[in-house]
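Asker: Attaching a single structure in structure tokens format; questions to follow.
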Amino acid sequence: MKKWSLLFVFVLIVGLLSACGSKENSEDKKVLVMGTSADYPPFEYVDTGKGEEVVGFDIDLAKMVAKELGYKVEVKDMEFNGLITALKSDQVDFVLSGMTPTEKRKKNVDFSDIYYTNKNMIVTTDKSIKSIEDLKGKTVGVQTSSIQEDAAKEAKKSVNLTIESRDRIPQLVSEMKAGRFDAAIIEDNVAKGYLEKDKELNGTVMEGGDDAGMAMAFPKDSELTKEFNRVLKEKQENGEVDKLIQKWFNN
């Protein structure tokens, strides 16, 4: 009787361990960690009314595409300039953070097709600044490693200006309001959120150059790139991406 009891207990324990192992492995395969910099409303930001939850257009888009593929998404908030490194070091499975697929970035990661096209805006408290030329002799703030930083560097080739970089968009606005920056270059839909809340701020869309497109980033040669592209195309064609654009940008 003791032998049968011990055997039963042994089989039960093995069964439980196997079940636990299978569940863990299954969950590992079904959860994708998404890297983002949650300081970029309405694309990604922390909804203080809901605690620490990160919400926004990019979050909804990621979850919509991932759900179609049978994945859940775990959002990991980090500095924008560390996203590519996190992707290369397997800290995250993909990045969705208003990122533009520049040639420099393409050397390190693969990108999906473009999911949204945006413009850059000069934001300032100085009403006399209405163009790139008006930035002559001024200090301009940009987010570190962003496409706006590239735009400022391009502008500097023809206009004598000083560029200051910060990790987060709110820092740019705070520095500008404190008088340490004369202006900041911010993505237009992000800038509109600040303009609506603060009447001291003025915004002008930058002229010249190609409109910047946003794409999802994946590790080099990842199968996820092809999978996400397929579903993204379907969602663009059936109007579901447009519905998200209407929800978050009121276009």
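Residues in the structure tokens are named by chain (A, B, ... in the order shown) and by number from 1 within that chain; ligands are numbered from 1 in the order shown.
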Would you kindly return, as a VMD selection string, each protein, DNA or RNA residue with an atom no farther than 6 Å from any atom of segment 162-169 of chain A, considering only C-alpha atoms and excluding same-chain residues fewer than 2 positions away?

Answerer: chain A and resid 139 to 144 171 to 172

Asker: Using all heavy atoms, can you export the residues from the last selection as a JSON list (two decimals), in the first residue's frame?

Answerer:
```json
[["chain", "number", "residue", "atom", "x", "y", "z"],
["A", 139, "THR", "N", 18.51, 78.94, -29.59],
["A", 139, "THR", "CA", 18.77, 77.61, -29.04],
["A", 139, "THR", "C", 17.52, 76.76, -29.21],
["A", 139, "THR", "O", 16.43, 77.16, -28.78],
["A", 139, "THR", "CB", 19.14, 77.69, -27.54],
["A", 139, "THR", "OG1", 20.32, 78.48, -27.39],
["A", 139, "THR", "CG2", 19.38, 76.29, -26.97],
["A", 140, "VAL", "N", 17.69, 75.60, -29.84],
["A", 140, "VAL", "CA", 16.55, 74.75, -30.19],
["A", 140, "VAL", "C", 16.66, 73.41, -29.48],
["A", 140, "VAL", "O", 17.70, 72.75, -29.53],
["A", 140, "VAL", "CB", 16.49, 74.52, -31.72],
["A", 140, "VAL", "CG1", 15.30, 73.63, -32.07],
["A", 140, "VAL", "CG2", 16.40, 75.84, -32.45],
["A", 141, "GLY", "N", 15.60, 73.00, -28.82],
["A", 141, "GLY", "CA", 15.58, 71.74, -28.11],
["A", 141, "GLY", "C", 14.97, 70.63, -28.95],
["A", 141, "GLY", "O", 14.01, 70.85, -29.69],
["A", 142, "VAL", "N", 15.54, 69.43, -28.84],
["A", 142, "VAL", "CA", 15.04, 68.26, -29.56],
["A", 142, "VAL", "C", 15.19, 67.02, -28.68],
["A", 142, "VAL", "O", 15.98, 67.01, -27.74],
["A", 142, "VAL", "CB", 15.79, 68.02, -30.89],
["A", 142, "VAL", "CG1", 15.51, 69.12, -31.90],
["A", 142, "VAL", "CG2", 17.29, 67.90, -30.64],
["A", 143, "GLN", "N", 14.41, 65.99, -28.97],
["A", 143, "GLN", "CA", 14.55, 64.73, -28.24],
["A", 143, "GLN", "C", 15.76, 63.96, -28.75],
["A", 143, "GLN", "O", 15.97, 63.84, -29.96],
["A", 143, "GLN", "CB", 13.29, 63.88, -28.38],
["A", 143, "GLN", "CG", 13.32, 62.62, -27.52],
["A", 143, "GLN", "CD", 12.04, 61.84, -27.58],
["A", 143, "GLN", "OE1", 11.41, 61.74, -28.63],
["A", 143, "GLN", "NE2", 11.63, 61.26, -26.46],
["A", 144, "THR", "N", 16.55, 63.43, -27.84],
["A", 144, "THR", "CA", 17.77, 62.70, -28.18],
["A", 144, "THR", "C", 17.47, 61.51, -29.10],
["A", 144, "THR", "O", 16.54, 60.75, -28.85],
["A", 144, "THR", "CB", 18.47, 62.19, -26.92],
["A", 144, "THR", "OG1", 18.71, 63.28, -26.03],
["A", 144, "THR", "CG2", 19.79, 61.51, -27.25],
["A", 171, "GLN", "N", 10.55, 67.49, -20.99],
["A", 171, "GLN", "CA", 11.74, 68.26, -20.62],
["A", 171, "GLN", "C", 11.96, 69.41, -21.60],
["A", 171, "GLN", "O", 12.35, 70.51, -21.20],
["A", 171, "GLN", "CB", 12.98, 67.35, -20.62],
["A", 171, "GLN", "CG", 13.00, 66.33, -19.50],
["A", 171, "GLN", "CD", 14.21, 65.41, -19.61],
["A", 171, "GLN", "OE1", 14.33, 64.63, -20.55],
["A", 171, "GLN", "NE2", 15.10, 65.49, -18.64],
["A", 172, "LEU", "N", 11.69, 69.17, -22.87],
["A", 172, "LEU", "CA", 11.87, 70.22, -23.88],
["A", 172, "LEU", "C", 10.93, 71.39, -23.60],
["A", 172, "LEU", "O", 11.33, 72.55, -23.65],
["A", 172, "LEU", "CB", 11.58, 69.67, -25.29],
["A", 172, "LEU", "CG", 12.43, 68.50, -25.79],
["A", 172, "LEU", "CD1", 11.99, 68.11, -27.20],
["A", 172, "LEU", "CD2", 13.91, 68.86, -25.77]]
```

Asker: Residues near Lys138 of chain A, anyone? I mean within 9 Å using only C-alpha atoms, not counting same-chain ones fewer than 5 positions away, as number ranges by chain.

Answerer: A: 160-163, 181-183

Asker: Kindly give the distance, in Å, that separates atom CA of Ala155 of chain A and atom CA of Asn108 of chain A, rounded to a single decimal.

Answerer: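 Calculated distance between atom CA of Ala155 of chain A and atom CA of Asn108 of chain A is 25.7 Å.
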
Asker: Please list as a list in words every residue within 9 Å of Ser112 of chain A, counting only C-alpha atoms and excluding residues in the same chain fewer than 2 positions away.

Answerer: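 Selected residues are Pro101, Asp110, Ile114, Tyr115, Ala215, Met216, Ala217, Phe218, Thr225, Lys226, Phe228, Asn229 and Leu232 of chain A.
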
Asker: How about saving the chosen residues, N, CA, C and O atoms kept, as a PDB file, in the first residue's frame?

Answerer:
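Result file is again.pdb:
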```pdb
ATOM      1  N   PRO A 101      12.140  55.043 -39.780  1.00  0.00           N
ATOM      2  CA  PRO A 101      13.158  54.096 -40.266  1.00  0.00           C
ATOM      3  C   PRO A 101      14.265  54.776 -41.071  1.00  0.00           C
ATOM      4  O   PRO A 101      14.287  54.724 -42.299  1.00  0.00           O
ATOM      5  N   ASP A 110      15.479  45.785 -38.337  1.00  0.00           N
ATOM      6  CA  ASP A 110      14.566  45.761 -39.482  1.00  0.00           C
ATOM      7  C   ASP A 110      13.302  46.531 -39.131  1.00  0.00           C
ATOM      8  O   ASP A 110      12.907  46.595 -37.958  1.00  0.00           O
ATOM      9  N   ILE A 114       5.528  51.477 -43.360  1.00  0.00           N
ATOM     10  CA  ILE A 114       5.105  52.699 -42.682  1.00  0.00           C
ATOM     11  C   ILE A 114       3.649  52.560 -42.226  1.00  0.00           C
ATOM     12  O   ILE A 114       2.783  52.137 -42.987  1.00  0.00           O
ATOM     13  N   TYR A 115       3.392  52.922 -40.976  1.00  0.00           N
ATOM     14  CA  TYR A 115       2.015  52.851 -40.483  1.00  0.00           C
ATOM     15  C   TYR A 115       1.401  54.232 -40.273  1.00  0.00           C
ATOM     16  O   TYR A 115       0.193  54.376 -40.131  1.00  0.00           O
ATOM     17  N   ALA A 215       7.404  53.590 -38.310  1.00  0.00           N
ATOM     18  CA  ALA A 215       7.363  52.149 -38.546  1.00  0.00           C
ATOM     19  C   ALA A 215       7.717  51.404 -37.265  1.00  0.00           C
ATOM     20  O   ALA A 215       8.306  51.962 -36.342  1.00  0.00           O
ATOM     21  N   MET A 216       7.333  50.139 -37.213  1.00  0.00           N
ATOM     22  CA  MET A 216       7.698  49.277 -36.090  1.00  0.00           C
ATOM     23  C   MET A 216       9.095  48.718 -36.348  1.00  0.00           C
ATOM     24  O   MET A 216       9.454  48.438 -37.487  1.00  0.00           O
ATOM     25  N   ALA A 217       9.868  48.543 -35.285  1.00  0.00           N
ATOM     26  CA  ALA A 217      11.228  48.017 -35.415  1.00  0.00           C
ATOM     27  C   ALA A 217      11.316  46.609 -34.826  1.00  0.00           C
ATOM     28  O   ALA A 217      10.706  46.323 -33.794  1.00  0.00           O
ATOM     29  N   PHE A 218      12.084  45.747 -35.506  1.00  0.00           N
ATOM     30  CA  PHE A 218      12.261  44.356 -35.080  1.00  0.00           C
ATOM     31  C   PHE A 218      13.737  43.985 -35.153  1.00  0.00           C
ATOM     32  O   PHE A 218      14.512  44.631 -35.861  1.00  0.00           O
ATOM     33  N   THR A 225       8.662  40.501 -38.413  1.00  0.00           N
ATOM     34  CA  THR A 225       8.535  41.599 -39.374  1.00  0.00           C
ATOM     35  C   THR A 225       7.534  41.250 -40.464  1.00  0.00           C
ATOM     36  O   THR A 225       6.616  42.031 -40.764  1.00  0.00           O
ATOM     37  N   LYS A 226       7.693  40.079 -41.038  1.00  0.00           N
ATOM     38  CA  LYS A 226       6.793  39.631 -42.107  1.00  0.00           C
ATOM     39  C   LYS A 226       5.375  39.441 -41.587  1.00  0.00           C
ATOM     40  O   LYS A 226       4.388  39.844 -42.228  1.00  0.00           O
ATOM     41  N   PHE A 228       3.889  40.844 -38.899  1.00  0.00           N
ATOM     42  CA  PHE A 228       3.265  42.122 -38.564  1.00  0.00           C
ATOM     43  C   PHE A 228       2.908  42.907 -39.822  1.00  0.00           C
ATOM     44  O   PHE A 228       1.867  43.571 -39.875  1.00  0.00           O
ATOM     45  N   ASN A 229       3.781  42.859 -40.840  1.00  0.00           N
ATOM     46  CA  ASN A 229       3.496  43.564 -42.095  1.00  0.00           C
ATOM     47  C   ASN A 229       2.222  43.048 -42.749  1.00  0.00           C
ATOM     48  O   ASN A 229       1.413  43.824 -43.267  1.00  0.00           O
ATOM     49  N   LEU A 232      -0.710  44.263 -40.651  1.00  0.00           N
ATOM     50  CA  LEU A 232      -0.792  45.720 -40.754  1.00  0.00           C
ATOM     51  C   LEU A 232      -1.437  46.124 -42.074  1.00  0.00           C
ATOM     52  O   LEU A 232      -2.316  47.006 -42.107  1.00  0.00           O
TER      53      LEU A 232
END
```

Asker: Which residues in segment 18-215 of chain A does DSSP call alpha helix (DSSP H)? List them as a ChimeraX atom specification.

Answerer: /A:18-30,57-68,83-88,103-106,147-156,169-177,188-197

Asker: Tell me, in Å to one decimal, how far atom CA of Ser97 of chain A is from atom CA of Asp113 of chain A.

Answerer: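 Separation between atom CA of Ser97 of chain A and atom CA of Asp113 of chain A: 14.2 Å.
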
Asker: For Ala62 of chain A, work out the shell of residues within 9 Å, counting only C-alpha atoms and skipping chain neighbours fewer than 2 positions away, then give it as a PyMOL selection string.

Answerer: chain A and resi 34+57-60+64-67+73+96+216

Asker: Take the residues just selected and output them with N, CA and C atoms as a tab-separated table (two decimals), in the first residue's frame.

Answerer:
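For reference, result.tsv as written:
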```
chain	number	residue	atom	x	y	z
A	34	MET	N	7.03	44.80	-25.86
A	34	MET	CA	7.13	45.95	-26.75
A	34	MET	C	7.86	47.10	-26.06
A	57	PHE	N	-2.03	55.73	-29.38
A	57	PHE	CA	-2.24	55.18	-30.72
A	57	PHE	C	-1.34	53.99	-30.98
A	58	ASP	N	-0.04	54.13	-30.69
A	58	ASP	CA	0.91	53.04	-30.94
A	58	ASP	C	0.57	51.80	-30.12
A	59	ILE	N	0.10	52.01	-28.89
A	59	ILE	CA	-0.24	50.88	-28.02
A	59	ILE	C	-1.43	50.12	-28.59
A	60	ASP	N	-2.45	50.87	-29.00
A	60	ASP	CA	-3.64	50.24	-29.59
A	60	ASP	C	-3.29	49.50	-30.88
A	64	MET	N	-3.65	45.51	-31.48
A	64	MET	CA	-4.55	45.07	-32.54
A	64	MET	C	-3.88	44.08	-33.48
A	65	VAL	N	-2.66	44.41	-33.91
A	65	VAL	CA	-1.93	43.53	-34.83
A	65	VAL	C	-1.51	42.25	-34.12
A	66	ALA	N	-0.99	42.39	-32.91
A	66	ALA	CA	-0.52	41.22	-32.15
A	66	ALA	C	-1.67	40.25	-31.86
A	67	LYS	N	-2.83	40.77	-31.52
A	67	LYS	CA	-3.99	39.92	-31.21
A	67	LYS	C	-4.37	39.06	-32.41
A	73	VAL	N	0.55	41.61	-25.68
A	73	VAL	CA	1.63	42.59	-25.67
A	73	VAL	C	1.89	43.09	-24.25
A	96	LEU	N	7.71	49.97	-30.84
A	96	LEU	CA	6.71	50.81	-31.49
A	96	LEU	C	6.65	52.09	-30.68
A	216	MET	N	7.33	50.14	-37.21
A	216	MET	CA	7.70	49.28	-36.09
A	216	MET	C	9.09	48.72	-36.35
```

Asker: So how far away is atom CA of Thr36 of chain A from atom CA of Pro219 of chain A, in Å?

Answerer: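 Computing it gives 14.8 Å between the two atoms.
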
Asker: Tell me, as number ranges by chain, which residues lie within 8 Å of segment 122-137 of chain A, counting only C-alpha atoms; anything in the same chain fewer than 6 positions away does not count.

Answerer: A: 155, 159-162, 176-177, 182-186, 191, 200-207

Asker: Please run DSSP on the backbone and report, as an MDAnalysis selection string, all residues within segment 11-218 of chain A that come out as strand (DSSP E).

Answerer: chainID A and resid 31:36 39:40 44:46 54:55 72:77 94:95 110:111 116:118 120:124 139:143 162:166 183:187 202:205 212:214 217:218

Asker: For Gly56 of chain A, please output as a short mmCIF file (atom, residue, chain, number, x, y, z; two decimals) with all heavy atoms, in the first residue's frame all residues within 6 Å (counting only C-alpha atoms; exclusion window: fewer than 6 positions along the same chain).

Answerer:
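As written to disk, part_5.cif reads:
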```cif
data_model
loop_
_atom_site.label_atom_id
_atom_site.label_comp_id
_atom_site.auth_asym_id
_atom_site.auth_seq_id
_atom_site.Cartn_x
_atom_site.Cartn_y
_atom_site.Cartn_z
N PRO A 42 -0.15 61.85 -28.63
CA PRO A 42 -1.06 60.75 -28.30
C PRO A 42 -0.58 59.37 -28.76
O PRO A 42 -1.34 58.42 -28.75
CB PRO A 42 -2.32 61.15 -29.08
CG PRO A 42 -1.78 61.79 -30.31
CD PRO A 42 -0.55 62.54 -29.87
N PHE A 43 0.70 59.26 -29.15
CA PHE A 43 1.21 57.96 -29.61
C PHE A 43 1.43 56.99 -28.45
O PHE A 43 1.03 55.83 -28.53
CB PHE A 43 2.51 58.15 -30.40
CG PHE A 43 2.30 58.84 -31.72
CD1 PHE A 43 2.47 60.22 -31.82
CD2 PHE A 43 1.92 58.14 -32.84
CE1 PHE A 43 2.26 60.87 -33.03
CE2 PHE A 43 1.70 58.77 -34.05
CZ PHE A 43 1.88 60.15 -34.15
N GLU A 44 2.12 57.45 -27.40
CA GLU A 44 2.31 56.63 -26.20
C GLU A 44 2.59 57.55 -25.01
O GLU A 44 3.43 58.44 -25.10
CB GLU A 44 3.46 55.61 -26.35
CG GLU A 44 4.72 56.17 -26.97
CD GLU A 44 4.74 55.97 -28.47
OE1 GLU A 44 4.16 54.98 -28.94
OE2 GLU A 44 5.32 56.81 -29.17
#
```

Asker: Choose the residue, out of A:Leu32, A:Leu195, A:Leu244, A:Val190, that has the smallest atom-to-atom separation from Lys72 of chain A; count only C-alpha atoms.

Answerer: A:Leu32
